[in-house]
>>> print(open('input03.cif').read())   # mmCIF, C-alpha atoms
data_query
loop_
_atom_site.label_atom_id
_atom_site.label_comp_id
_atom_site.auth_asym_id
_atom_site.auth_seq_id
_atom_site.Cartn_x
_atom_site.Cartn_y
_atom_site.Cartn_z
CA MET O 151 -18.16 -5.15 -12.63
CA ALA O 152 -19.27 -2.54 -10.09
CA ARG O 153 -21.21 -5.19 -8.15
CA ARG O 154 -18.14 -7.43 -7.97
CA ARG O 155 -16.03 -4.46 -6.89
CA ASN O 156 -18.41 -3.59 -4.04
CA LEU O 157 -18.84 -7.18 -2.82
CA PRO O 158 -15.67 -7.14 -0.64
CA LEU O 159 -16.89 -3.90 0.98
CA LEU O 160 -20.16 -5.59 1.91
CA VAL O 161 -18.29 -8.64 3.23
CA MET O 162 -16.08 -6.35 5.30
CA ALA O 163 -19.07 -4.53 6.80
CA LEU O 164 -20.68 -7.83 7.76
CA ALA O 165 -17.38 -9.08 9.21
CA VAL O 166 -17.09 -5.96 11.40
CA ILE O 167 -20.57 -6.60 12.79
CA ALA O 168 -19.88 -10.32 13.25
CA VAL O 169 -16.68 -9.64 15.21
CA HIS O 170 -18.57 -7.33 17.56
CA VAL O 171 -21.29 -9.93 18.10
CA LEU O 172 -18.74 -12.69 18.76
CA ALA O 173 -16.74 -10.53 21.17
CA ALA O 174 -19.90 -9.69 23.11
CA ALA O 175 -21.07 -13.32 23.15
CA ALA O 176 -17.66 -14.49 24.38
CA GLY O 177 -17.60 -11.88 27.14
CA LYS O 178 -14.49 -10.24 25.66
CA PRO O 179 -15.56 -6.64 24.92
CA GLN O 180 -12.01 -5.48 25.64
CA TYR O 181 -10.97 -6.99 22.31
CA LEU O 182 -12.82 -4.14 20.63
CA THR O 183 -10.25 -1.72 22.07
CA GLN O 184 -7.33 -3.38 20.29
CA LEU O 185 -9.42 -3.82 17.13
CA THR O 186 -10.24 -0.11 17.16
CA MET O 187 -6.56 0.78 17.41
CA ALA O 188 -5.76 -1.77 14.69
CA GLY O 189 -8.33 -0.03 12.50
CA TYR O 190 -6.53 3.30 12.76
CA TYR O 191 -3.20 1.64 12.00
CA SER O 192 -4.87 0.02 8.99
CA LEU O 193 -5.36 3.45 7.43
CA VAL O 194 -1.57 3.74 7.21
CA ILE O 195 -1.24 0.25 5.78
CA VAL O 196 -3.82 0.56 2.97
CA GLY O 197 -2.38 3.94 1.97
CA LEU O 198 1.11 2.47 1.87
CA THR O 199 -0.19 -0.48 -0.17
CA LEU O 200 -1.46 1.96 -2.77
CA LEU O 201 1.91 3.72 -2.89
CA MET O 202 4.11 0.63 -2.95
CA GLY O 203 1.96 -1.93 -4.73
CA TYR O 204 0.37 0.21 -7.42
CA THR O 205 2.81 3.09 -7.89
CA GLY O 206 5.97 1.12 -7.14
CA GLN O 207 7.34 3.73 -4.71
CA ILE O 208 8.77 2.39 -1.46
CA SER O 209 8.52 4.50 1.68
CA LEU O 210 10.29 3.88 4.96
CA GLY O 211 9.01 7.10 6.51
CA HIS O 212 5.25 6.72 6.79
CA ALA O 213 5.43 6.48 10.56
CA GLY O 214 6.62 10.08 10.33
CA PHE O 215 3.39 11.16 8.64
CA PHE O 216 1.35 9.24 11.21
CA ALA O 217 3.23 11.07 13.97
CA ILE O 218 2.89 14.48 12.30
CA GLY O 219 -0.88 14.08 12.23
CA GLY O 220 -1.10 12.86 15.82
CA TYR O 221 1.38 15.32 17.29
CA THR O 222 -0.10 18.33 15.47
CA SER O 223 -3.62 17.59 16.68
CA GLY O 224 -2.39 16.68 20.16
CA LEU O 225 -0.36 19.87 20.49
CA LEU O 226 -3.12 22.17 19.23
CA THR O 227 -5.71 20.68 21.58
CA THR O 228 -3.47 20.88 24.68
CA TYR O 229 -1.44 24.07 24.18
CA ASN O 230 -3.01 26.71 26.43
CA LEU O 231 -3.57 30.05 24.67
CA HIS O 232 -5.33 31.68 27.63
CA SER O 233 -2.35 33.90 28.48
CA ARG O 234 -2.46 35.23 24.91
CA SER O 235 -6.21 35.71 24.73
CA SER O 236 -5.74 39.43 24.09
CA ASP O 237 -3.58 38.85 21.00
CA THR O 238 -5.23 39.78 17.72
CA LEU O 239 -4.81 36.34 16.13
CA VAL O 240 -6.09 34.48 19.20
CA SER O 241 -9.06 36.86 19.48
CA LEU O 242 -9.88 36.27 15.81
CA LEU O 243 -9.66 32.51 16.18
CA ARG O 244 -11.91 32.65 19.22
CA ALA O 245 -14.44 34.80 17.39
CA THR O 246 -14.61 32.27 14.56
CA GLY O 247 -15.27 29.42 17.01
CA LEU O 248 -12.02 27.57 16.37
CA LEU O 249 -11.02 27.81 20.03
CA VAL O 250 -12.76 26.35 23.04
CA ALA O 251 -12.47 27.48 26.66
CA GLY O 252 -12.38 25.17 29.65
CA GLN O 253 -10.51 24.28 32.82
CA ASP O 254 -7.55 22.03 33.49
CA LEU O 255 -7.29 19.40 36.24
CA TYR O 256 -6.30 22.07 38.76
CA GLY O 257 -9.10 24.49 37.96
CA GLY O 258 -6.99 26.79 35.80
CA ASP O 259 -8.41 28.45 32.70
CA LEU O 260 -7.79 26.76 29.36
CA LEU O 261 -8.11 28.06 25.83
CA VAL O 262 -7.23 25.49 23.17
CA VAL O 263 -8.00 24.68 19.55
CA ARG O 264 -11.12 22.59 18.99
CA PRO O 265 -10.35 18.97 18.05
CA GLY O 266 -12.23 19.24 14.77
CA ALA O 267 -10.23 22.27 13.70
CA ALA O 268 -7.03 20.63 14.95
CA CYS O 269 -7.76 17.57 12.81
CA VAL O 270 -8.20 19.69 9.69
CA ILE O 271 -5.02 21.64 10.44
CA ALA O 272 -3.09 18.41 11.06
CA LEU O 273 -4.19 17.01 7.70
CA LEU O 274 -3.29 20.25 5.89
CA VAL O 275 0.14 20.34 7.56
CA THR O 276 0.78 16.71 6.62
CA VAL O 277 -0.32 17.24 3.02
CA ALA O 278 1.94 20.29 2.73
CA ILE O 279 4.94 18.43 4.18
CA ALA O 280 4.27 15.37 2.00
CA TYR O 281 4.15 17.59 -1.08
CA LEU O 282 7.38 19.39 -0.17
CA VAL O 283 9.15 16.11 0.62
CA GLY O 284 7.70 14.13 -2.26
CA LYS O 285 8.39 16.69 -4.97
CA PRO O 286 12.19 16.14 -4.94
CA VAL O 287 12.35 12.70 -3.31
CA LEU O 288 10.10 10.91 -5.79
CA LYS O 289 12.55 11.72 -8.58
CA LEU O 290 14.73 9.02 -7.01
CA ARG O 291 14.30 5.30 -7.59
CA GLY O 292 15.05 2.02 -5.89
CA HIS O 293 17.23 2.05 -2.82
CA TYR O 294 17.90 5.79 -3.23
CA LEU O 295 14.20 6.48 -2.69
CA ALA O 296 14.12 4.09 0.28
CA MET O 297 17.08 5.86 1.90
CA ALA O 298 15.55 9.29 1.29
CA THR O 299 12.24 8.36 2.95
CA LEU O 300 14.18 6.67 5.75
CA GLY O 301 16.01 9.95 6.29
CA PHE O 302 12.71 11.83 6.47
CA GLY O 303 11.37 9.40 9.05
CA THR O 304 14.53 9.73 11.10
CA ILE O 305 14.25 13.52 11.09
CA VAL O 306 10.66 13.42 12.35
CA TYR O 307 11.57 10.93 15.08
CA LYS O 308 14.53 12.99 16.30
CA VAL O 309 12.50 16.22 16.26
CA VAL O 310 9.66 14.86 18.39
CA LEU O 311 12.11 13.01 20.66
CA GLY O 312 14.18 16.12 21.36
CA SER O 313 11.55 18.87 21.38
CA SER O 314 10.26 19.98 24.78
CA LEU O 315 7.26 21.62 23.06
CA VAL O 316 5.82 18.17 22.34
CA GLY O 317 7.00 16.55 25.55
CA ALA O 318 10.28 15.11 24.24
CA ALA O 319 10.64 11.47 25.32
CA ASP O 320 7.40 11.61 27.36
CA GLY O 321 5.26 12.73 24.44
CA ILE O 322 1.95 14.53 24.85
CA SER O 323 -0.60 13.32 27.40
CA ASP O 324 -4.07 14.39 28.59
CA ILE O 325 -5.22 14.97 25.02
CA PRO O 326 -8.98 15.59 25.09
CA ALA O 327 -11.63 13.50 23.40
CA PHE O 328 -12.63 14.40 19.86
CA PRO O 329 -16.39 15.12 19.91
CA LEU O 330 -18.06 14.42 16.58
CA PHE O 331 -21.76 14.83 17.31
CA ALA O 332 -24.20 14.28 20.15
CA GLY O 333 -23.37 11.10 22.06
CA LEU O 334 -20.26 10.20 20.07
CA ALA O 335 -16.65 11.20 20.63
CA VAL O 336 -13.29 9.68 19.78
CA THR O 337 -12.20 8.52 23.21
CA GLY O 338 -10.91 5.42 24.92
CA LYS O 339 -13.61 5.44 27.60
CA SER O 340 -15.18 2.03 28.02
CA ALA O 341 -18.69 3.51 27.88
CA LEU O 342 -18.10 4.44 24.23
CA ARG O 343 -16.03 1.38 23.31
CA THR O 344 -18.57 -0.06 20.86
CA GLN O 345 -19.29 3.27 19.20
CA ASN O 346 -15.59 3.91 18.68
CA TYR O 347 -15.10 0.45 17.25
CA TYR O 348 -17.70 1.10 14.57
CA LEU O 349 -16.36 4.61 13.97
CA ALA O 350 -12.81 3.33 13.36
CA TRP O 351 -13.91 0.61 11.00
CA GLY O 352 -16.33 2.97 9.28
CA LEU O 353 -13.31 5.13 8.43
CA VAL O 354 -11.40 2.08 7.18
CA LEU O 355 -14.39 1.01 5.10
CA GLY O 356 -14.58 4.49 3.58
CA ALA O 357 -10.85 4.43 2.81
CA MET O 358 -11.15 1.01 1.19
CA ALA O 359 -14.09 2.18 -0.92
CA LEU O 360 -12.06 5.19 -2.07
CA LEU O 361 -8.94 3.18 -2.90
CA THR O 362 -10.84 0.31 -4.53
CA ASN O 363 -12.60 2.68 -6.90
CA LEU O 364 -9.36 4.55 -7.50
CA ILE O 365 -7.37 1.50 -8.60
CA HIS O 366 -10.18 0.44 -10.96
CA SER O 367 -10.35 3.86 -12.59
CA ARG O 368 -8.29 5.47 -15.32
CA VAL O 369 -5.91 6.66 -12.61
CA GLY O 370 -5.47 3.08 -11.45
CA ARG O 371 -4.53 1.98 -14.96
CA ALA O 372 -1.97 4.77 -15.08
CA LEU O 373 -0.55 3.63 -11.74
CA ARG O 374 -0.20 0.08 -13.01
CA ALA O 375 1.63 1.37 -16.05
CA ILE O 376 4.01 3.34 -13.83
CA HIS O 377 4.61 0.29 -11.65
CA GLY O 378 5.23 -1.97 -14.63
CA ALA O 379 7.50 0.27 -16.69
CA GLU O 380 7.78 3.91 -15.67
CA ASP O 381 9.82 4.99 -18.71
CA ALA O 382 7.37 3.33 -21.09
CA ALA O 383 4.39 4.92 -19.29
CA ASN O 384 6.03 8.31 -19.53
CA ALA O 385 6.67 7.79 -23.24
CA MET O 386 2.98 6.96 -23.75
CA GLY O 387 1.94 10.30 -22.26
CA VAL O 388 1.31 9.33 -18.62
CA ASP O 389 2.33 12.17 -16.31
CA THR O 390 4.31 9.87 -14.03
CA ALA O 391 5.69 12.61 -11.77
CA ARG O 392 2.22 14.01 -11.06
CA TYR O 393 0.65 10.62 -10.35
CA LYS O 394 3.48 9.53 -8.07
CA LEU O 395 3.30 12.76 -6.09
CA GLN O 396 -0.49 12.58 -5.78
CA MET O 397 -0.40 9.01 -4.47
CA PHE O 398 2.39 9.89 -2.05
CA VAL O 399 0.36 12.79 -0.67
CA LEU O 400 -2.83 10.69 -0.48
CA SER O 401 -1.08 7.88 1.41
CA ALA O 402 0.48 10.44 3.78
CA ALA O 403 -2.94 12.00 4.43
CA LEU O 404 -4.42 8.58 5.30
CA ALA O 405 -1.52 7.98 7.69
CA ALA O 406 -2.07 11.37 9.32
CA LEU O 407 -5.81 10.73 9.66
CA GLY O 408 -5.06 7.48 11.48
CA GLY O 409 -2.58 9.33 13.68
CA VAL O 410 -5.09 12.03 14.62
CA PHE O 411 -7.87 9.63 15.57
CA LEU O 412 -5.63 7.19 17.43
CA THR O 413 -4.07 10.05 19.39
CA HIS O 414 -7.45 11.28 20.59
CA TYR O 415 -8.59 7.71 21.22
CA ASN O 416 -5.56 6.96 23.40
CA GLY O 417 -5.49 10.41 24.97
CA GLY O 418 -1.79 10.74 24.19
CA ILE O 419 1.04 10.09 21.78
CA GLY O 420 4.75 9.32 22.21
CA PRO O 421 7.83 9.39 19.99
CA SER O 422 7.66 5.62 19.45
CA GLU O 423 4.89 6.27 16.91
CA ALA O 424 7.48 8.01 14.71
CA SER O 425 10.22 5.41 15.14
CA ILE O 426 11.90 3.70 12.20
CA MET O 427 10.69 0.32 13.45
CA LYS O 428 7.12 1.53 13.09
CA SER O 429 7.78 2.27 9.42
CA VAL O 430 9.44 -1.13 9.01
CA ARG O 431 6.37 -2.70 10.62
CA TYR O 432 4.06 -1.05 8.10
CA VAL O 433 6.23 -2.20 5.19
CA ALA O 434 6.35 -5.74 6.61
CA ILE O 435 2.56 -5.90 6.85
CA VAL O 436 2.14 -4.64 3.28
CA ALA O 437 4.67 -7.23 2.11
CA VAL O 438 3.05 -10.15 3.91
CA GLY O 439 -0.40 -9.20 2.65
CA GLY O 440 0.75 -8.66 -0.92
CA MET O 441 2.25 -5.48 -2.36
CA ALA O 442 -0.67 -4.91 -4.74
CA ASN O 443 -3.35 -6.55 -2.63
CA LEU O 444 -5.38 -4.02 -0.64
CA TRP O 445 -7.54 -6.66 1.00
CA GLY O 446 -4.64 -8.95 1.79
CA ALA O 447 -2.71 -6.10 3.39
CA LEU O 448 -5.78 -5.09 5.40
CA ILE O 449 -6.39 -8.62 6.67
CA MET O 450 -2.79 -9.17 7.70
CA GLY O 451 -2.62 -5.68 9.18
CA VAL O 452 -5.58 -6.34 11.45
CA LEU O 453 -4.26 -9.75 12.49
CA LEU O 454 -0.66 -8.72 13.18
CA ASN O 455 -1.51 -5.41 14.83
CA PHE O 456 -4.13 -7.07 17.02
CA LEU O 457 -1.63 -9.70 18.19
CA SER O 458 0.98 -7.01 18.78
CA LEU O 459 -1.42 -4.81 20.77
CA ARG O 460 -2.46 -7.83 22.83
CA GLY O 461 1.21 -8.34 23.75
CA SER O 462 1.44 -11.71 22.02
CA PHE O 463 5.01 -11.06 20.88
CA GLY O 464 6.22 -9.71 24.21
CA SER O 465 9.56 -7.92 24.21
CA TYR O 466 10.37 -9.42 20.80
CA ASP O 467 7.70 -7.34 19.05
CA ASP O 468 10.03 -5.41 16.73
CA ALA O 469 12.14 -8.48 16.08
CA VAL O 470 9.06 -10.42 14.97
CA PHE O 471 8.11 -7.81 12.37
CA GLY O 472 11.69 -7.62 11.15
CA LEU O 473 11.77 -11.40 10.81
CA ILE O 474 8.44 -11.36 8.97
CA LEU O 475 9.76 -8.84 6.45
CA LEU O 476 12.93 -10.88 5.90
CA ALA O 477 11.04 -14.14 5.46
CA ILE O 478 8.52 -12.66 3.04
CA MET O 479 11.21 -11.08 0.88
CA LEU O 480 13.07 -14.42 0.71
CA PHE O 481 10.25 -16.93 0.32
CA ALA O 482 7.01 -15.16 -0.68
CA PRO O 483 7.68 -11.79 -2.34
CA ASP O 484 4.11 -11.66 -3.69
CA GLY O 485 2.65 -11.96 -0.19
CA LEU O 486 1.76 -14.88 2.05
CA LEU O 487 -1.96 -14.82 1.29
CA ARG O 488 -1.40 -14.76 -2.44
CA VAL O 489 0.96 -17.73 -2.32
CA GLU O 490 -1.00 -19.91 0.07
CA LEU O 491 -4.61 -19.10 -0.76
CA VAL O 492 -5.20 -17.21 -3.99
CA ARG O 493 -3.27 -19.69 -6.14
CA ARG O 494 -5.50 -22.51 -4.88
CA LEU O 495 -8.81 -20.66 -4.62
CA PRO O 496 -9.69 -18.82 -7.84
CA GLY O 497 -12.66 -17.17 -6.11
CA LEU O 498 -10.31 -15.22 -3.86
CA ARG O 499 -8.30 -14.14 -6.89
CA ARG O 500 -11.43 -12.47 -8.28
CA LEU O 501 -12.26 -10.99 -4.88
CA TRP O 502 -8.87 -9.39 -4.23
CA GLY O 503 -7.74 -8.70 -7.78
CA ARG O 504 -4.45 -9.41 -9.48
CA ALA O 505 -1.15 -7.73 -9.08
CA PRO O 506 -0.27 -5.11 -11.68
#
>>> encode(input="input03.cif", output="structure tokens")
Amino acid sequence: MARRRNLPLLVMALAVIAVHVLAAAAGKPQYLTQLTMAGYYSLVIVGLTLLMGYTGQISLGHAGFFAIGGYTSGLLTTYNLHSRSSDTLVSLLRATGLLVAGQDLYGGDLLVVRPGAACVIALLVTVAIAYLVGKPVLKLRGHYLAMATLGFGTIVYKVVLGSSLVGAADGISDIPAFPLFAGLAVTGKSALRTQNYYLAWGLVLGAMALLTNLIHSRVGRALRAIHGAEDAANAMGVDTARYKLQMFVLSAALAALGGVFLTHYNGGIGPSEASIMKSVRYVAIVAVGGMANLWGALIMGVLLNFLSLRGSFGSYDDAVFGLILLAIMLFAPDGLLRVELVRRLPGLRRLWGRAP
């Protein structure tokens, strides 16, 4: 059982290497840039698949969590604390090594939070907000839950769009690279393109390993019970409120992690990352891949995000994802891959697993 469970992870690792080799052989190394960005977006998608497909909780606000992670890390690593270097708190943070000194483009002194510390803070902030939002919101069901999460996403979008602290409509730019260890940093520089490609997909592979083991554990069985019949699961002793909240927080943390890394990779972030259409895009990708199909959602997420980042849909980008969501809901509610492939190829059914 464990060997069968880990087989898709091995296939994924080999596929990541094969794509790199093919891109290099074809003389298209720039494709790795869009694939790296698609990898970070995939963290949002697989987390949302867990929430929607296995817990049965719809969210139209996950772009908000992505933006909270990215904006928090971006703000902390660009907000200059040099003028407050004599303050007690700033002095304490500097003494603990959480701040780093440097110079801006004009030779001025800089004192900002280290990217590593900013990443941790961003994740903690996101987890706290997800807990505070999820605690009351997850008591709702159906379209009430969808509207509540939509309202949360709208609030985040309007806050970042109207706040001068985070650049308002211009967003935050000149965000520094995120150094991890010697010779490797999260940055969009072409010299580190290959390293960042493997870093992004290493994170996705780790997330898939975590979620795959989770859904095949006792917790996963509880989630399936909640998805199938929440009242019955609750009557059988399953703490439905706790499990729903935990999965909501976990999916929000994965979204924030993707937001942090993509922000440092791009060197900036704008309010479009928190827009409602971004949340609709994530839901559309989960739907087309299969609500309870982690691998299907990942595959379709990579494909559709790659095409979008390459500009294949032009100015109709948002319209295409809206149309995809509408078509899937009407004609293939179990997901396009499940309808077209899994029904005909039993081997893929065993590889991806069945819906709860």
>>> residues_around(input="input03.cif", residues="O:Glu423", least_positions_apart="5", cutoff="8 Å", atoms="only C-alpha atoms", output="ChimeraX atom specification")
/O:213-214,216-217,428
>>> write_last_selection(input="input03.cif", atoms="C-alpha atoms", output="PDB file, in the coordinates of the input")
ATOM      1  CA  ALA O 213       5.430   6.480  10.560  1.00  0.00           C
ATOM      2  CA  GLY O 214       6.620  10.080  10.330  1.00  0.00           C
ATOM      3  CA  PHE O 216       1.350   9.240  11.210  1.00  0.00           C
ATOM      4  CA  ALA O 217       3.230  11.070  13.970  1.00  0.00           C
ATOM      5  CA  LYS O 428       7.120   1.530  13.090  1.00  0.00           C
TER       6      LYS O 428
END
>>> resolve_selection(input="input03.cif", expression="the PyMOL selection byres ((chain O and resi 327) around 10)", output="MDAnalysis selection string")
chainID O and resid 227 265 324:326 328:330 334:339 411 413:417
>>> atom_distance(input="input03.cif", atom1="atom CA of O:Val310", atom2="atom CA of O:Lys394")
27.7 Å
>>> closest_residue(input="input03.cif", among="O:Ser425, O:Thr362, O:Thr222, O:Ser313", to="O:Leu274", atoms="only C-alpha atoms")
O:Thr222
>>> resolve_selection(input="input03.cif", expression="the PyMOL selection byres ((chain O and resi 355) around 12)", output="PyMOL selection string")
chain O and resi 156+158-166+189-190+192-193+196+348-354+356-362+444-445+448
>>> build_atoms(input="input03.cif", residues="stretch 175-195 of chain O", atoms="N, CA and C atoms", output="PDB file, in the coordinates of the input")
ATOM      1  N   ALA O 175     -20.593 -11.997  22.733  1.00  0.00           N
ATOM      2  CA  ALA O 175     -21.070 -13.320  23.150  1.00  0.00           C
ATOM      3  C   ALA O 175     -20.020 -14.054  23.972  1.00  0.00           C
ATOM      4  N   ALA O 176     -18.751 -13.829  23.659  1.00  0.00           N
ATOM      5  CA  ALA O 176     -17.660 -14.490  24.380  1.00  0.00           C
ATOM      6  C   ALA O 176     -17.289 -13.769  25.669  1.00  0.00           C
ATOM      7  N   GLY O 177     -17.926 -12.651  25.940  1.00  0.00           N
ATOM      8  CA  GLY O 177     -17.600 -11.880  27.140  1.00  0.00           C
ATOM      9  C   GLY O 177     -16.229 -11.233  27.067  1.00  0.00           C
ATOM     10  N   LYS O 178     -15.799 -10.863  25.859  1.00  0.00           N
ATOM     11  CA  LYS O 178     -14.490 -10.240  25.660  1.00  0.00           C
ATOM     12  C   LYS O 178     -14.636  -8.872  24.980  1.00  0.00           C
ATOM     13  N   PRO O 179     -15.393  -7.956  25.565  1.00  0.00           N
ATOM     14  CA  PRO O 179     -15.560  -6.640  24.920  1.00  0.00           C
ATOM     15  C   PRO O 179     -14.263  -5.851  24.833  1.00  0.00           C
ATOM     16  N   GLN O 180     -13.282  -6.199  25.675  1.00  0.00           N
ATOM     17  CA  GLN O 180     -12.010  -5.480  25.640  1.00  0.00           C
ATOM     18  C   GLN O 180     -11.263  -5.699  24.326  1.00  0.00           C
ATOM     19  N   TYR O 181     -11.597  -6.766  23.602  1.00  0.00           N
ATOM     20  CA  TYR O 181     -10.970  -6.990  22.310  1.00  0.00           C
ATOM     21  C   TYR O 181     -11.283  -5.856  21.331  1.00  0.00           C
ATOM     22  N   LEU O 182     -12.438  -5.227  21.519  1.00  0.00           N
ATOM     23  CA  LEU O 182     -12.820  -4.140  20.630  1.00  0.00           C
ATOM     24  C   LEU O 182     -11.843  -2.966  20.734  1.00  0.00           C
ATOM     25  N   THR O 183     -11.219  -2.806  21.898  1.00  0.00           N
ATOM     26  CA  THR O 183     -10.250  -1.720  22.070  1.00  0.00           C
ATOM     27  C   THR O 183      -9.058  -1.914  21.144  1.00  0.00           C
ATOM     28  N   GLN O 184      -8.470  -3.120  21.161  1.00  0.00           N
ATOM     29  CA  GLN O 184      -7.330  -3.380  20.290  1.00  0.00           C
ATOM     30  C   GLN O 184      -7.741  -3.377  18.807  1.00  0.00           C
ATOM     31  N   LEU O 185      -8.952  -3.828  18.512  1.00  0.00           N
ATOM     32  CA  LEU O 185      -9.420  -3.820  17.130  1.00  0.00           C
ATOM     33  C   LEU O 185      -9.650  -2.397  16.638  1.00  0.00           C
ATOM     34  N   THR O 186     -10.076  -1.520  17.525  1.00  0.00           N
ATOM     35  CA  THR O 186     -10.240  -0.110  17.160  1.00  0.00           C
ATOM     36  C   THR O 186      -8.896   0.508  16.821  1.00  0.00           C
ATOM     37  N   MET O 187      -7.908   0.258  17.671  1.00  0.00           N
ATOM     38  CA  MET O 187      -6.560   0.780  17.410  1.00  0.00           C
ATOM     39  C   MET O 187      -5.990   0.173  16.129  1.00  0.00           C
ATOM     40  N   ALA O 188      -6.225  -1.122  15.918  1.00  0.00           N
ATOM     41  CA  ALA O 188      -5.760  -1.770  14.690  1.00  0.00           C
ATOM     42  C   ALA O 188      -6.401  -1.145  13.463  1.00  0.00           C
ATOM     43  N   GLY O 189      -7.648  -0.698  13.603  1.00  0.00           N
ATOM     44  CA  GLY O 189      -8.330  -0.030  12.500  1.00  0.00           C
ATOM     45  C   GLY O 189      -7.629   1.256  12.094  1.00  0.00           C
ATOM     46  N   TYR O 190      -7.222   2.046  13.083  1.00  0.00           N
ATOM     47  CA  TYR O 190      -6.530   3.300  12.760  1.00  0.00           C
ATOM     48  C   TYR O 190      -5.157   3.035  12.149  1.00  0.00           C
ATOM     49  N   TYR O 191      -4.464   2.012  12.628  1.00  0.00           N
ATOM     50  CA  TYR O 191      -3.200   1.640  12.000  1.00  0.00           C
ATOM     51  C   TYR O 191      -3.416   1.136  10.572  1.00  0.00           C
ATOM     52  N   SER O 192      -4.578   0.549  10.323  1.00  0.00           N
ATOM     53  CA  SER O 192      -4.870   0.020   8.990  1.00  0.00           C
ATOM     54  C   SER O 192      -4.961   1.127   7.948  1.00  0.00           C
ATOM     55  N   LEU O 193      -5.313   2.338   8.379  1.00  0.00           N
ATOM     56  CA  LEU O 193      -5.360   3.450   7.430  1.00  0.00           C
ATOM     57  C   LEU O 193      -3.968   3.719   6.853  1.00  0.00           C
ATOM     58  N   VAL O 194      -2.944   3.583   7.692  1.00  0.00           N
ATOM     59  CA  VAL O 194      -1.570   3.740   7.210  1.00  0.00           C
ATOM     60  C   VAL O 194      -1.236   2.624   6.223  1.00  0.00           C
ATOM     61  N   ILE O 195      -1.631   1.425   6.565  1.00  0.00           N
ATOM     62  CA  ILE O 195      -1.240   0.250   5.780  1.00  0.00           C
ATOM     63  C   ILE O 195      -1.873   0.263   4.392  1.00  0.00           C
TER      64      ILE O 195
END
